[in-house]
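So this block is run.pdb, PDB, C-alpha atoms:
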```pdb
ATOM      1  CA  MET B  48      -7.676  -3.068 -12.088
ATOM      2  CA  GLU B  49      -8.203  -6.356 -10.263
ATOM      3  CA  GLU B  50     -11.608  -7.877 -10.878
ATOM      4  CA  GLN B  51     -14.001  -8.564  -8.010
ATOM      5  CA  THR B  52     -15.617 -11.948  -7.449
ATOM      6  CA  SER B  53     -19.252 -12.022  -6.336
ATOM      7  CA  ASP B  54     -19.962 -12.931  -2.727
ATOM      8  CA  HIS B  55     -21.963 -16.053  -3.568
ATOM      9  CA  VAL B  56     -19.066 -17.471  -5.618
ATOM     10  CA  VAL B  57     -16.652 -16.848  -2.742
ATOM     11  CA  GLU B  58     -19.099 -18.462  -0.313
ATOM     12  CA  ALA B  59     -19.360 -21.493  -2.602
ATOM     13  CA  PHE B  60     -15.564 -21.861  -2.685
ATOM     14  CA  VAL B  61     -15.357 -21.539   1.109
ATOM     15  CA  GLY B  62     -18.094 -24.176   1.460
ATOM     16  CA  LEU B  63     -16.249 -26.601  -0.818
ATOM     17  CA  ARG B  64     -13.057 -26.112   1.172
ATOM     18  CA  GLU B  65     -14.876 -26.757   4.466
ATOM     19  CA  GLU B  66     -16.224 -29.986   2.975
ATOM     20  CA  GLY B  67     -12.658 -31.124   2.360
ATOM     21  CA  MET B  68     -12.581 -30.510  -1.389
ATOM     22  CA  HIS B  69      -9.259 -29.572  -2.988
ATOM     23  CA  LEU B  70      -9.406 -26.077  -4.418
ATOM     24  CA  CYS B  71      -7.661 -24.763  -7.494
ATOM     25  CA  ALA B  72      -5.444 -21.652  -7.476
ATOM     26  CA  THR B  73      -8.314 -19.513  -8.824
ATOM     27  CA  ALA B  74     -10.608 -20.515  -5.952
ATOM     28  CA  TYR B  75      -7.912 -19.773  -3.384
ATOM     29  CA  ARG B  76      -7.313 -16.391  -5.001
ATOM     30  CA  CYS B  77     -11.015 -15.465  -4.847
ATOM     31  CA  ILE B  78     -11.278 -16.363  -1.162
ATOM     32  CA  MET B  79      -8.021 -14.646  -0.186
ATOM     33  CA  VAL B  80      -8.885 -11.410  -1.986
ATOM     34  CA  ALA B  81     -12.384 -11.371  -0.474
ATOM     35  CA  HIS B  82     -10.975 -11.667   3.068
ATOM     36  CA  GLU B  83      -7.681  -9.725   2.872
ATOM     37  CA  ARG B  84      -9.115  -6.727   4.767
ATOM     38  CA  THR B  85     -11.990  -8.160   6.791
ATOM     39  CA  GLU B  86     -10.346 -11.426   7.899
ATOM     40  CA  PRO B  87      -6.594 -11.065   7.310
ATOM     41  CA  VAL B  88      -5.735 -13.980   9.613
ATOM     42  CA  PHE B  89      -7.904 -16.250   7.460
ATOM     43  CA  THR B  90      -6.143 -15.017   4.316
ATOM     44  CA  LEU B  91      -2.744 -15.848   5.830
ATOM     45  CA  ARG B  92      -4.000 -19.276   6.894
ATOM     46  CA  LEU B  93      -5.100 -19.908   3.307
ATOM     47  CA  TYR B  94      -1.698 -18.825   2.029
ATOM     48  CA  ARG B  95       0.065 -21.315   4.317
ATOM     49  CA  GLU B  96      -2.356 -23.942   3.051
ATOM     50  CA  THR B  97      -1.463 -23.217  -0.590
ATOM     51  CA  VAL B  98       2.236 -23.524   0.254
ATOM     52  CA  LEU B  99       1.701 -26.872   2.008
ATOM     53  CA  LEU B 100      -0.405 -28.191  -0.885
ATOM     54  CA  GLY B 101       1.953 -26.866  -3.549
ATOM     55  CA  VAL B 102      -0.724 -24.650  -5.110
ATOM     56  CA  LYS B 103       0.953 -21.920  -7.184
ATOM     57  CA  ILE B 104      -0.770 -18.596  -6.600
ATOM     58  CA  ASP B 105      -0.718 -15.569  -8.893
ATOM     59  CA  ARG B 106       0.145 -11.940  -8.147
ATOM     60  CA  VAL B 107      -3.435 -11.025  -7.230
ATOM     61  CA  ALA B 108      -3.498 -13.666  -4.487
ATOM     62  CA  PHE B 109       0.025 -12.757  -3.405
ATOM     63  CA  ASN B 110      -0.980  -9.107  -3.060
ATOM     64  CA  ALA B 111      -3.926 -10.213  -0.925
ATOM     65  CA  VAL B 112      -1.430 -11.898   1.404
ATOM     66  CA  LEU B 113       0.685  -8.727   1.572
ATOM     67  CA  CYS B 114      -2.454  -6.685   2.284
ATOM     68  CA  ALA B 115      -3.356  -9.080   5.108
ATOM     69  CA  CYS B 116       0.154  -8.681   6.565
ATOM     70  CA  SER B 117      -0.242  -4.915   6.346
ATOM     71  CA  ARG B 118      -3.604  -5.012   8.141
ATOM     72  CA  LEU B 119      -2.020  -7.058  10.936
ATOM     73  CA  GLY B 120       1.127  -4.913  11.179
ATOM     74  CA  MET B 121       3.349  -7.848  10.162
ATOM     75  CA  THR B 122       6.161  -5.789   8.644
ATOM     76  CA  LYS B 123       8.924  -8.390   8.795
ATOM     77  CA  GLN B 124       6.739 -11.113   7.270
ATOM     78  CA  ALA B 125       5.577  -8.821   4.440
ATOM     79  CA  LEU B 126       9.153  -7.894   3.536
ATOM     80  CA  GLU B 127      10.234 -11.541   3.632
ATOM     81  CA  LEU B 128       7.376 -12.450   1.296
ATOM     82  CA  PHE B 129       8.357  -9.627  -1.058
ATOM     83  CA  GLU B 130      11.880 -11.071  -1.291
ATOM     84  CA  GLN B 131      10.372 -14.375  -2.475
ATOM     85  CA  MET B 132       8.522 -12.848  -5.439
ATOM     86  CA  PRO B 133      11.252 -13.450  -8.076
ATOM     87  CA  GLU B 134      11.583 -17.150  -7.222
ATOM     88  CA  LEU B 135       7.795 -17.450  -7.460
ATOM     89  CA  GLY B 136       7.892 -15.863 -10.907
ATOM     90  CA  LEU B 137       5.880 -12.847  -9.756
ATOM     91  CA  VAL B 138       6.517  -9.193 -10.634
ATOM     92  CA  PRO B 139       5.394  -6.461  -8.201
ATOM     93  CA  ASN B 140       2.775  -3.933  -9.280
ATOM     94  CA  GLY B 141       1.242  -0.829  -7.702
ATOM     95  CA  LYS B 142      -0.745  -2.761  -5.100
ATOM     96  CA  THR B 143       2.336  -4.778  -4.130
ATOM     97  CA  TYR B 144       4.341  -1.636  -3.461
ATOM     98  CA  GLY B 145       1.417   0.144  -1.845
ATOM     99  CA  CYS B 146       0.929  -2.661   0.705
ATOM    100  CA  LEU B 147       4.644  -2.799   1.484
ATOM    101  CA  ILE B 148       4.998   0.961   1.849
ATOM    102  CA  ARG B 149       1.956   1.032   4.121
ATOM    103  CA  VAL B 150       3.201  -1.787   6.372
ATOM    104  CA  CYS B 151       6.688  -0.222   6.582
ATOM    105  CA  THR B 152       5.200   3.177   7.412
ATOM    106  CA  GLY B 153       3.047   1.661  10.139
ATOM    107  CA  GLY B 154       5.969  -0.433  11.412
ATOM    108  CA  ARG B 155       8.234   2.619  11.751
ATOM    109  CA  LYS B 156      10.541   1.408   8.961
ATOM    110  CA  ILE B 157      10.413   4.861   7.415
ATOM    111  CA  LYS B 158      13.637   4.707   5.389
ATOM    112  CA  GLN B 159      12.684   1.321   3.962
ATOM    113  CA  ALA B 160       9.252   2.680   2.991
ATOM    114  CA  LEU B 161      10.904   5.494   1.025
ATOM    115  CA  GLU B 162      13.341   3.061  -0.614
ATOM    116  CA  LEU B 163      10.364   1.002  -1.768
ATOM    117  CA  PHE B 164       8.684   4.158  -3.049
ATOM    118  CA  GLU B 165      11.806   4.947  -5.085
ATOM    119  CA  SER B 166      11.927   1.370  -6.414
ATOM    120  CA  MET B 167       8.313   1.762  -7.471
ATOM    121  CA  ARG B 168       9.065   4.965  -9.340
ATOM    122  CA  THR B 169      12.171   3.414 -10.940
ATOM    123  CA  ALA B 170       9.946   0.599 -12.221
ATOM    124  CA  SER B 171       7.663   3.272 -13.785
ATOM    125  CA  ILE B 172       4.740   2.292 -11.566
ATOM    126  CA  GLU B 173       2.505   5.270 -10.788
ATOM    127  CA  PRO B 174       1.692   5.622  -7.063
ATOM    128  CA  ASN B 175      -1.931   6.107  -6.056
ATOM    129  CA  ARG B 176      -3.008   8.789  -3.594
ATOM    130  CA  PHE B 177      -2.590   6.486  -0.589
ATOM    131  CA  THR B 178       0.976   5.623  -1.534
ATOM    132  CA  PHE B 179       1.766   9.296  -2.142
ATOM    133  CA  ARG B 180       0.306  10.076   1.276
ATOM    134  CA  ASP B 181       2.460   7.451   2.997
ATOM    135  CA  ALA B 182       5.602   8.643   1.199
ATOM    136  CA  ILE B 183       4.908  12.265   2.164
ATOM    137  CA  ARG B 184       4.416  11.287   5.801
ATOM    138  CA  CYS B 185       7.700   9.365   5.735
ATOM    139  CA  CYS B 186       9.529  12.376   4.282
ATOM    140  CA  VAL B 187       8.053  14.618   6.968
ATOM    141  CA  GLU B 188       9.025  12.108   9.655
ATOM    142  CA  LEU B 189      12.630  12.164   8.426
ATOM    143  CA  GLY B 190      12.669  15.952   8.176
ATOM    144  CA  LYS B 191      12.918  15.812   4.370
ATOM    145  CA  LEU B 192      10.478  18.651   3.910
ATOM    146  CA  ASP B 193      11.686  19.659   0.455
ATOM    147  CA  GLU B 194      11.108  16.101  -0.772
ATOM    148  CA  ALA B 195       7.697  16.073   0.945
ATOM    149  CA  TYR B 196       6.854  19.313  -0.834
ATOM    150  CA  ASP B 197       7.930  17.883  -4.222
ATOM    151  CA  LEU B 198       5.708  14.831  -3.712
ATOM    152  CA  TYR B 199       2.853  17.090  -2.618
ATOM    153  CA  ARG B 200       3.265  19.052  -5.865
ATOM    154  CA  GLU B 201       3.002  15.837  -7.887
ATOM    155  CA  MET B 202       0.020  14.603  -5.928
ATOM    156  CA  ALA B 203      -1.966  17.846  -5.760
ATOM    157  CA  PRO B 204      -3.432  18.206  -9.271
ATOM    158  CA  ALA B 205      -4.993  14.729  -9.319
ATOM    159  CA  ASN B 206      -5.847  14.227  -5.655
ATOM    160  CA  GLU B 207      -7.407  17.377  -4.269
ATOM    161  CA  VAL B 208      -9.126  15.678  -1.323
ATOM    162  CA  SER B 209      -5.990  13.906  -0.058
ATOM    163  CA  CYS B 210      -3.953  16.955  -0.946
ATOM    164  CA  SER B 211      -5.667  19.137   1.623
ATOM    165  CA  SER B 212      -4.691  16.962   4.590
ATOM    166  CA  MET B 213      -1.161  16.463   3.253
ATOM    167  CA  ARG B 214      -0.781  20.200   2.749
ATOM    168  CA  MET B 215      -1.681  20.776   6.397
ATOM    169  CA  HIS B 216       0.632  17.975   7.517
ATOM    170  CA  ILE B 217       3.627  19.485   5.694
ATOM    171  CA  LEU B 218       2.790  23.014   6.807
ATOM    172  CA  ASP B 219       2.597  21.926  10.454
ATOM    173  CA  ALA B 220       5.979  20.199  10.143
ATOM    174  CA  CYS B 221       7.482  23.286   8.477
ATOM    175  CA  ARG B 222       6.276  25.558  11.248
ATOM    176  CA  LYS B 223       7.513  23.222  13.994
ATOM    177  CA  SER B 224      10.964  22.970  12.426
ATOM    178  CA  VAL B 225      11.038  26.636  11.396
ATOM    179  CA  ARG B 226      11.343  25.685   7.709
ATOM    180  CA  LEU B 227       9.193  28.587   6.588
ATOM    181  CA  SER B 228      10.657  28.656   3.065
ATOM    182  CA  VAL B 229       8.875  25.383   2.247
ATOM    183  CA  ALA B 230       5.708  26.622   3.961
ATOM    184  CA  ASP B 231       5.850  29.800   1.866
ATOM    185  CA  ARG B 232       6.128  27.746  -1.343
ATOM    186  CA  ILE B 233       3.071  25.703  -0.397
ATOM    187  CA  GLN B 234       1.103  28.850   0.383
ATOM    188  CA  ALA B 235       2.162  30.368  -2.952
ATOM    189  CA  ASP B 236       0.968  27.240  -4.786
ATOM    190  CA  ILE B 237      -2.568  27.366  -3.415
ATOM    191  CA  GLY B 238      -3.881  29.827  -6.002
ATOM    192  CA  PRO B 239      -2.113  28.568  -9.175
ATOM    193  CA  MET B 240      -2.916  24.922  -8.412
ATOM    194  CA  GLY B 241      -6.604  25.676  -7.990
ATOM    195  CA  LEU B 242      -6.716  24.709  -4.368
ATOM    196  CA  GLU B 243      -8.864  26.310  -1.724
ATOM    197  CA  ASP B 244      -7.226  28.916   0.433
ATOM    198  CA  GLY B 245      -8.382  27.775   3.825
ATOM    199  CA  ILE B 246      -5.164  27.478   5.781
TER     200      ILE B 246
END
```
If you took the structure in this file and wrote it as structure tokens, what would it be?
Amino acid sequence: MEEQTSDHVVEAFVGLREEGMHLCATAYRCIMVAHERTEPVFTLRLYRETVLLGVKIDRVAFNAVLCACSRLGMTKQALELFEQMPELGLVPNGKTYGCLIRVCTGGRKIKQALELFESMRTASIEPNRFTFRDAIRCCVELGKLDEAYDLYREMAPANEVSCSSMRMHILDACRKSVRLSVADRIQADIGPMGLEDGI
């Protein structure tokens, strides 16, 4: 779990930067993480600044940059950054893969999103519910309903809230493509998996 920095510390770092002070890698990381979702353009500007100044950032800061790319729909840039990780001495983790899978899903690079999901699993990194959700949607998009069902089965016991919407998503796709065998398996799972029968 990545630790959060208090707002007043981040504000202090931003103030020092605006006054022309040189920031250390830790200060850059705090600012980038604090703004990755709310001000992604600012996070990317800070990243370019660290590159120009030769400031070596860690994986937490790098993931903030990937998250900013994802928020802005910058699929190509995110994938290019990912390719640079080994030369920067950084190893991807769950957030790294989650950001990449999300930006690929949003950028209609469905096959690439699933390849990244497989790479994540090969590296023994456990997907969170959002990454499972994106992978299931990609499988449905490609008509891989059996694979979508298998991922749903993995996701269901631990993620009941997300599971409900994914269950409906797969069932709708099954009905549209007349793949009722998969739909029947999902319906049969509702009782044994402790899920509500509200379909």
From B:Ala220, B:Leu161, B:Met215, B:Cys114, residue lying nearest Gln234 (chain B) [all atoms listed in the file]:
B:Met215
On this structure, which residues satisfy the PyMOL selection byres ((chain B and resi 71) around 10), written as a short mmCIF file (atom, residue, chain, number, x, y, z; two decimals) with C-alpha atoms, in the frame of the given file?
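Output saved as expr_15.cif:
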```cif
data_model
loop_
_atom_site.label_atom_id
_atom_site.label_comp_id
_atom_site.auth_asym_id
_atom_site.auth_seq_id
_atom_site.Cartn_x
_atom_site.Cartn_y
_atom_site.Cartn_z
CA PHE B 60 -15.56 -21.86 -2.68
CA MET B 68 -12.58 -30.51 -1.39
CA HIS B 69 -9.26 -29.57 -2.99
CA LEU B 70 -9.41 -26.08 -4.42
CA ALA B 72 -5.44 -21.65 -7.48
CA THR B 73 -8.31 -19.51 -8.82
CA ALA B 74 -10.61 -20.52 -5.95
CA TYR B 75 -7.91 -19.77 -3.38
CA ARG B 76 -7.31 -16.39 -5.00
CA THR B 97 -1.46 -23.22 -0.59
CA VAL B 102 -0.72 -24.65 -5.11
CA LYS B 103 0.95 -21.92 -7.18
CA ILE B 104 -0.77 -18.60 -6.60
#
```
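Our summary of the geometry notes that CA of Ser224 (chain B) is positioned 14.4 Å from CA of Tyr196 (chain B).
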Assuming 8 Å of padding per side, give the centre and edge lengths of the axis-aligned box around every listed atom of region 78-94 of chain B, in Å to one decimal and as JSON.
```
{"center_x": -7.0, "center_y": -13.3, "center_z": 3.8, "size_x": 26.7, "size_y": 29.2, "size_z": 27.6}
```
So which one's closest to Thr169 (chain B), B:Gln124, B:Thr85, B:Tyr144, B:Glu58? Using all atoms listed in the file, please.
B:Tyr144
Residue nearest Glu162 (chain B) - candidates B:Ile148, B:Arg232, B:Leu99, B:Met121, atoms counted: all atoms listed in the file:
B:Ile148
Please determine, counting only C-alpha atoms, which residue among B:Asp219, B:Cys185, B:Glu173, B:Pro133 has the shortest atom-to-atom distance to Met202 (chain B).
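Smallest distance to Met202 (chain B) is found for B:Glu173.
Interatomic distance, CA of Glu165 (chain B) against CA of Arg184 (chain B): 14.6 Å.
Going from CA of Pro174 (chain B) to CA of Ala235 (chain B) covers 25.1 Å.
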